[in-house]
Amino acid sequence: PHVFALVTRVLGKPGPALAGLAVWALINGALVLAGYADRPFVSLTLGFVGAGAVVVVAALMAQNDMFQPLRYCGQNSIVIYLAFFVPMAATRVALLKSGIITDLGTISLLVTAAGVIGALAWYWVVRGTPLRFLFERPAWARLKPARTPTMQPAE
């Protein structure tokens with residue numbers, strides 16, 4: 001209930017939420033740069049407040065149409081999870097063997113993007129074909145709806 005209350009407040013007043021995120025980022029950065037972030041209670045507090053910051057950012061992002069592609073990825077996260085490996089591995093091998101890009105950060109970004117986009121593309125290609133079983137839960141693995149008790153007529 002506390003997380004949902006936080007989201008409700010953020011959506012009601014996004015300005016103060018953005019200001020709070022800026023203050024959190026400055027304090028967090030200052031504590032990390034000063035070397036205090038690894039202290040026991042400081043790190044726990046930073047982690048707790050950081051989790052709240054993630055909730056605030058997610059609530060703000062959910063309200064903006066600019067993040068619709070990210071929402072789509074979230075709705076299809078099982079597709080990405082199931083089909084990520086092949087395009088990711090192929091892109092990684094191609095980039096490392098070609099030597100065109102040497103920066104590991106750029107390679108990581110491209111490999112991740114290829115994995116996500118490749119998985120979604122594979123899903124789009126097979127969803128209308130017999131291969132759609134690759135992304136559908138088999139009938140035997142589906143949760144069955146709970147039975148509702150049947151009322152007996154009064155005698």
# chains A, B, ... in the order shown; residues from 1 in each chain; ligands from 1
call {"tool": "residues_around", "arguments": {"residues": "Thr8 (chain A)", "least_positions_apart": "5", "cutoff": "12 Å", "atoms": "only C-alpha atoms", "output": "MDAnalysis selection string"}}
result
chainID A and resid 1:3 13:14 17 55:56 59:60 63
call {"tool": "residues_around", "arguments": {"residues": "region 25-37 of chain A", "least_positions_apart": "4", "cutoff": "10 Å", "atoms": "only C-alpha atoms", "output": "list in words"}}
result
Ala19, Gly20, Leu21, Phe41, Val42, Ser43, Leu44, Thr45, Leu46, Gly47, Val49, Gly50 and Ala53 of chain A
call {"tool": "closest_residue", "arguments": {"among": "A:Gly52, A:Phe85, A:Thr112, A:Leu120", "to": "Cys73 (chain A)", "atoms": "only C-alpha atoms"}}
result
A:Leu120
call {"tool": "select_by_dssp", "arguments": {"residues": "chain A", "states": "alpha helix (DSSP H)", "output": "number ranges by chain"}}
result
A: 2-12, 14-34, 40-62, 68-75, 77-83, 85-98, 104-126
call {"tool": "closest_residue", "arguments": {"among": "A:Ile107, A:Ala119, A:Leu131, A:Val7", "to": "Leu82 (chain A)", "atoms": "only C-alpha atoms"}}
result
A:Ala119
call {"tool": "closest_atom_pairs", "arguments": {"of": "region 75-108 of chain A", "to": "region 123-127 of chain A", "cutoff": "10 Å", "atoms": "only C-alpha atoms", "output": "Markdown table"}}
result
| residue | atom | partner | partner_atom | distance |
| --- | --- | --- | --- | --- |
| A:Asn76 | CA | A:Tyr123 | CA | 9.5 |
| A:Val79 | CA | A:Tyr123 | CA | 6.9 |
| A:Ile80 | CA | A:Tyr123 | CA | 8.7 |
| A:Leu82 | CA | A:Tyr123 | CA | 9.9 |
| A:Ala83 | CA | A:Tyr123 | CA | 8.1 |
call {"tool": "residues_around", "arguments": {"residues": "Arg71 (chain A)", "least_positions_apart": "6", "cutoff": "10 Å", "atoms": "only C-alpha atoms", "output": "PyMOL selection string"}}
result
chain A and resi 61-62+65+77
call {"tool": "atom_distance", "arguments": {"atom1": "CA of Pro87 (chain A)", "atom2": "CA of Pro130 (chain A)"}}
result
21.2 Å
